[in-house]
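Have a look at the structure below before the remarks.
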Amino acid sequence: MKNLSRLLFAMLIVLGFSNANAQDKNNPWQITIGTNAVDAYPSGDGAPFSETIFEDYFNVSDHWNILPSLSTIAVSKYVGDGFSFGVAGSLNKIENWGDDSVDDLSYYGVDGTIKYNFLQGTTIDPYLGIGGGYTWVDGIGAGTLNGTLGLNIWFNENIGLTVQSAYKHAFEDYLQTHFQHTAGISIKFGGTDTDGDGIYDKDDACPDVKGIAAFNGCPDTDGDGIEDSKDACPNEAGLAELNGCPDTDGDGVADKDDKCPSVAGLKALNGCPDADGDGVTDADDKCPSVAGPAANQGCPWPDTDGDGVLDKDDKCPSVKGTVANNGCPEVSEEVQKTLNAYAKTILFDTGKSSIKSQSEAVLADIIKILKEYPNSKFTVEGHTDSVGSDKLNQELSNSRANSVKEYLSSHGIDAARLSSMGYGESKPIDTNNTSKGRANNRRVEINLAK
């Protein structure tokens with residue numbers, strides 16, 4: 001009885017300590033009440049995992065000492081990630097100690113165990129444990145190192161059957177290493193439900209307000225399937241896609257945000273209609289049946305010359321051109337050839353850059369062509385034959401090209417559209433060995449600037 005008092009005292013300390021700690025899981029506590037059997041066979045030398053350690057393991061009649069009454073109580077607390085810590089107390093009467101018969105020796109044990117449950121939250125819940133304790137046999141005690149294999153079978157959330165087998169290795173020679181098997185009824189408890197909605201506070205996102213399981217214990221006042229905390233209109237049933245708000249006209253815009261709540265419209269226009277689809281609401285559209293840009297109050301921009309480039313973007317709004325050339329006409333290959341055919345007939349005073357007066361007619365034709373393409377830029381190029389030095393030919397070609405450029409700009413062609421370049425004798429188009437060839441090489445070209 002002296003050792004039984006020690007056991008009860010130890011259990012009270014464990015329970016008091018455990019209840020002083022905060023609960024952090026639903027039903028974190030488990031208490032198991034049952035019976036135990038002590039098996040000290042084989043006797044051997046007590047070496048852990050010896051060859052004969054499991055010999056006659058299930059020989060209940062010859063080796064197991066079973067006290068057919070309440071003889072074990074265990075308390076454990078879940079600490080997280082599948083682990084729990086527990087303390088167990090047990091008592092027994094020993095009649096068989098290995099192969100020896102003894103005279104009803106008393107057996108008391110207090111053991112602490114750290115357990116790991118493999119399948120938390122399932123009906124079949126196996127676990128492994130390791131720990132230590134102290135065991136008294138006939139009043140003589142010794143410490144033990146314990147290894148445990150067990151299984152919980154849960155009948156419901158709170159009640160189940162627990163069976164386990166513990167290998168207890170003694171640290172003292174006078175206490176035999178042995179097995180202790182237990183079986184009992186387990187009860188889990190400790191969950192709290194403050195608002196009475198059937199959801200434990202630990203899992204209840206709204207522990208002080210009665211709610212529903214679908215929203216982790218939070219309420220849905222208007223019953224639209226959206227919890228109040230996420231419902232933009234918690235007192236008025238609405239649509240999930242509109243955060244719980246209604247949409248009277250069914251246009252996908254919540255009534256509270258719809259500037260035209262009774263007429264179906266577009267989300268982009270805050271629920272108002274746009275008959276011509278130009279992005280301008282009918283109420284603000286000056287041309288509601290014809291699509292046009294907002295910048296022109298919903299009316300289309302004009303295209304006076306009909307070239308596909310709107311007047312606002314057309315650099316030649318009154319002359320039909322191409323989109324690629326910003327609404328202005330493009331210089332064709334044929335026009336380019338005509339332009340150079342004229343340019344090659346421009347005559348200069350011999351060895352000079354001054355233009356002869358008889359070239360004014362052809363220059364007028366060139367000016368007329370250039371004015372037809374007001375958005376195009378041109379380069380006046382000067383060329384010479386090979387007679388004379390390279391330096392003199394280069395200077396002459398530069399000055400003749402510049403002379404033509406100056407003439408054109410002084411006769412109505414914007415100077416910004418013109419540039420000039422002399423190439424000297426570097427780009428002949430004919431032989432320089434004949435007078436006719438040299439005459440062809442002495443020329444001016446007007447090409448579209450690149």
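Chain labels run A, B, ... following the order of the structure tokens; each chain numbers its residues from 1, and ligands are numbered from 1 in the order shown.
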
Selection: 10 Å around A:Thr338, only C-alpha atoms, excl. self and same-chain fewer than 4 positions, as a short mmCIF file (atom, residue, chain, number, x, y, z; two decimals) with C-alpha atoms, in the first residue's frame:
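Output below, filename out.cif:
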data_model
loop_
_atom_site.label_atom_id
_atom_site.label_comp_id
_atom_site.auth_asym_id
_atom_site.auth_seq_id
_atom_site.Cartn_x
_atom_site.Cartn_y
_atom_site.Cartn_z
CA SER A 332 6.50 54.89 -106.74
CA GLU A 333 9.40 53.37 -108.63
CA GLU A 334 8.00 54.84 -111.85
CA TYR A 342 14.53 65.05 -115.40
CA ALA A 343 17.41 65.53 -112.95
CA ASP A 365 8.82 69.81 -113.73
CA ILE A 366 10.87 68.43 -110.83
CA ILE A 369 6.58 66.26 -108.82
#

Exercise for the section: Would you kindly return, as a PyMOL selection string, each protein, DNA or RNA residue with an atom no farther than 10 Å from any atom of stretch 63-74 of chain A, considering only C-alpha atoms and excluding same-chain residues fewer than 5 positions away? Expected result: chain A and resi 11+30-42+56-58+86-101+104+108-112+179-186

Exercise for the section: Show which residues sit within 7 Å of A:Phe189, as a ChimeraX atom specification. Count only C-alpha atoms, and ignore same-chain residues fewer than 5 positions away. Expected result: /A:27-30,158

How would the residues just picked look written out with C-alpha atoms as a PDB file, in the first residue's frame?
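To be explicit, this is the file written out as part.pdb:
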ATOM      1  CA  ASN A  27      -9.795  16.869 -27.485  1.00  0.00           C
ATOM      2  CA  PRO A  28      -6.076  17.018 -26.703  1.00  0.00           C
ATOM      3  CA  TRP A  29      -6.402  14.864 -23.616  1.00  0.00           C
ATOM      4  CA  GLN A  30      -6.629  11.092 -23.587  1.00  0.00           C
ATOM      5  CA  ASN A 158     -14.186  10.463 -28.105  1.00  0.00           C
TER       6      ASN A 158
END

Practice task
Just the alpha helix (DSSP H) stuff from stretch 279-352 of chain A, please, per backbone DSSP, written as a PyMOL selection string.
Solution key: chain A and resi 333-343

Practice task
Skip A:Ala142 itself and residues of its chain fewer than 5 positions away, then list as a list of chain:residue names all residues within 10 Å of it, counting only C-alpha atoms.
Solution key: A:Gly109, A:Gly133, A:Tyr134, A:Thr135, A:Trp136, A:Val137, A:His169, A:Ala170, A:Phe171, A:Glu172, A:Asp173, A:Tyr174, A:Leu175, A:Gln176

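For stretch 288-291 of chain A, the non-local neighbours within 7 Å, defined as residues at least 6 positions apart in the same chain or in other chains and counting only C-alpha atoms, are Ala275, Asp276, Gly277, Asp278, Asp282, Gly298, Cys299 and Pro300 of chain A.
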
Can I get the selection written as a PDB file, in the first residue's frame, with C-alpha atoms?
ATOM      1  CA  ALA A 275     -25.672  50.256 -78.067  1.00  0.00           C
ATOM      2  CA  ASP A 276     -22.956  50.863 -80.671  1.00  0.00           C
ATOM      3  CA  GLY A 277     -20.204  49.197 -78.619  1.00  0.00           C
ATOM      4  CA  ASP A 278     -17.795  52.094 -78.858  1.00  0.00           C
ATOM      5  CA  ASP A 282     -25.538  55.788 -74.577  1.00  0.00           C
ATOM      6  CA  GLY A 298     -18.740  58.667 -79.431  1.00  0.00           C
ATOM      7  CA  CYS A 299     -18.813  59.842 -83.035  1.00  0.00           C
ATOM      8  CA  PRO A 300     -16.443  58.530 -85.739  1.00  0.00           C
TER       9      PRO A 300
END

Practice task
Check the DSSP output for the backbone and give back, as a ChimeraX atom specification, the residues of stretch 93-331 of chain A in strand (DSSP E or B).
Solution key: /A:93-97,100-117,124-137,140-154,159-170,178-189,212,218,239,245,266,272

Those residues you just picked out, can you put them in a file as an mmCIF file, in the first residue's frame with C-alpha atoms?
data_model
loop_
_atom_site.group_PDB
_atom_site.id
_atom_site.type_symbol
_atom_site.label_atom_id
_atom_site.label_comp_id
_atom_site.auth_asym_id
_atom_site.auth_seq_id
_atom_site.Cartn_x
_atom_site.Cartn_y
_atom_site.Cartn_z
ATOM 1 C CA LYS A 93 0.384 -9.375 -8.555
ATOM 2 C CA ILE A 94 3.267 -11.533 -9.734
ATOM 3 C CA GLU A 95 2.915 -15.326 -9.588
ATOM 4 C CA ASN A 96 5.149 -16.251 -12.532
ATOM 5 C CA TRP A 97 8.535 -14.570 -12.917
ATOM 6 C CA ASP A 100 9.842 -19.469 -11.777
ATOM 7 C CA SER A 101 6.753 -19.465 -9.584
ATOM 8 C CA VAL A 102 6.744 -16.827 -6.855
ATOM 9 C CA ASP A 103 4.500 -16.023 -3.949
ATOM 10 C CA ASP A 104 2.221 -13.130 -5.033
ATOM 11 C CA LEU A 105 4.826 -10.396 -5.296
ATOM 12 C CA SER A 106 3.487 -6.867 -5.553
ATOM 13 C CA TYR A 107 4.229 -4.923 -8.769
ATOM 14 C CA TYR A 108 3.946 -1.138 -9.184
ATOM 15 C CA GLY A 109 5.066 1.017 -12.070
ATOM 16 C CA VAL A 110 5.073 4.690 -13.073
ATOM 17 C CA ASP A 111 6.147 5.363 -16.668
ATOM 18 C CA GLY A 112 6.434 8.414 -18.883
ATOM 19 C CA THR A 113 6.180 8.022 -22.643
ATOM 20 C CA ILE A 114 6.567 10.187 -25.739
ATOM 21 C CA LYS A 115 4.322 8.712 -28.443
ATOM 22 C CA TYR A 116 4.078 9.257 -32.173
ATOM 23 C CA ASN A 117 0.748 8.473 -33.848
ATOM 24 C CA ILE A 124 -7.344 2.673 -36.701
ATOM 25 C CA ASP A 125 -4.632 4.710 -34.992
ATOM 26 C CA PRO A 126 -1.267 2.909 -34.447
ATOM 27 C CA TYR A 127 1.569 4.484 -32.495
ATOM 28 C CA LEU A 128 5.138 4.006 -31.296
ATOM 29 C CA GLY A 129 6.514 5.274 -28.010
ATOM 30 C CA ILE A 130 9.736 5.664 -26.092
ATOM 31 C CA GLY A 131 10.256 6.690 -22.519
ATOM 32 C CA GLY A 132 11.274 5.602 -19.084
ATOM 33 C CA GLY A 133 9.917 4.962 -15.652
ATOM 34 C CA TYR A 134 10.346 3.310 -12.309
ATOM 35 C CA THR A 135 9.145 -0.139 -11.335
ATOM 36 C CA TRP A 136 8.860 -1.721 -7.881
ATOM 37 C CA VAL A 137 8.658 -5.487 -7.426
ATOM 38 C CA ILE A 140 12.384 -3.040 -4.472
ATOM 39 C CA GLY A 141 12.513 -0.487 -7.295
ATOM 40 C CA ALA A 142 14.670 0.259 -10.321
ATOM 41 C CA GLY A 143 14.552 2.574 -13.310
ATOM 42 C CA THR A 144 13.617 1.280 -16.750
ATOM 43 C CA LEU A 145 14.017 2.312 -20.371
ATOM 44 C CA ASN A 146 10.795 1.570 -22.260
ATOM 45 C CA GLY A 147 9.836 0.982 -25.874
ATOM 46 C CA THR A 148 6.128 0.864 -26.733
ATOM 47 C CA LEU A 149 4.021 -0.358 -29.655
ATOM 48 C CA GLY A 150 0.293 0.319 -29.468
ATOM 49 C CA LEU A 151 -2.976 0.690 -31.306
ATOM 50 C CA ASN A 152 -6.060 2.853 -30.737
ATOM 51 C CA ILE A 153 -9.361 1.748 -32.268
ATOM 52 C CA TRP A 154 -11.831 4.658 -32.053
ATOM 53 C CA ILE A 159 -14.233 6.769 -27.113
ATOM 54 C CA GLY A 160 -12.058 3.863 -28.212
ATOM 55 C CA LEU A 161 -10.131 0.737 -27.325
ATOM 56 C CA THR A 162 -6.390 0.908 -26.681
ATOM 57 C CA VAL A 163 -4.007 -2.047 -26.607
ATOM 58 C CA GLN A 164 -0.254 -1.797 -26.270
ATOM 59 C CA SER A 165 2.869 -3.752 -25.435
ATOM 60 C CA ALA A 166 5.842 -2.164 -23.691
ATOM 61 C CA TYR A 167 9.370 -3.557 -23.501
ATOM 62 C CA LYS A 168 10.885 -2.413 -20.157
ATOM 63 C CA HIS A 169 14.655 -2.719 -19.844
ATOM 64 C CA ALA A 170 15.858 -2.449 -16.242
ATOM 65 C CA HIS A 178 10.286 -7.692 -18.949
ATOM 66 C CA PHE A 179 7.195 -6.933 -21.039
ATOM 67 C CA GLN A 180 4.074 -5.182 -19.825
ATOM 68 C CA HIS A 181 0.927 -5.459 -21.954
ATOM 69 C CA THR A 182 -2.126 -3.255 -21.365
ATOM 70 C CA ALA A 183 -5.660 -3.061 -22.706
ATOM 71 C CA GLY A 184 -8.292 -0.517 -21.803
ATOM 72 C CA ILE A 185 -10.956 1.944 -22.741
ATOM 73 C CA SER A 186 -9.706 5.364 -23.866
ATOM 74 C CA ILE A 187 -11.575 8.630 -23.673
ATOM 75 C CA LYS A 188 -10.527 11.811 -25.486
ATOM 76 C CA PHE A 189 -11.707 15.152 -24.134
ATOM 77 C CA ILE A 212 -22.042 27.017 -39.545
ATOM 78 C CA CYS A 218 -18.725 31.901 -38.835
ATOM 79 C CA LEU A 239 -24.320 36.216 -55.755
ATOM 80 C CA CYS A 245 -24.490 41.436 -53.369
ATOM 81 C CA LEU A 266 -21.477 46.578 -69.325
ATOM 82 C CA CYS A 272 -24.722 51.199 -68.234
#

Practice task
Could you check which of A:Lys344, A:Lys368, A:Lys315, A:His411 is closest to A:Glu381, using only C-alpha atoms?
Solution key: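 Selected residue with least distance to A:Glu381: A:Lys344.
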
Handout entry: Nearest residue to A:Asp390 from the set A:Asp81, A:Glu425, A:Asp255, A:Glu406 (distances using only C-alpha atoms)
Key = A:Glu425

Practice task
Between atom CA of A:Lys286 and atom CA of A:Thr304, measure the distance and give it in Å to one decimal.
Solution key: 20.3 Å
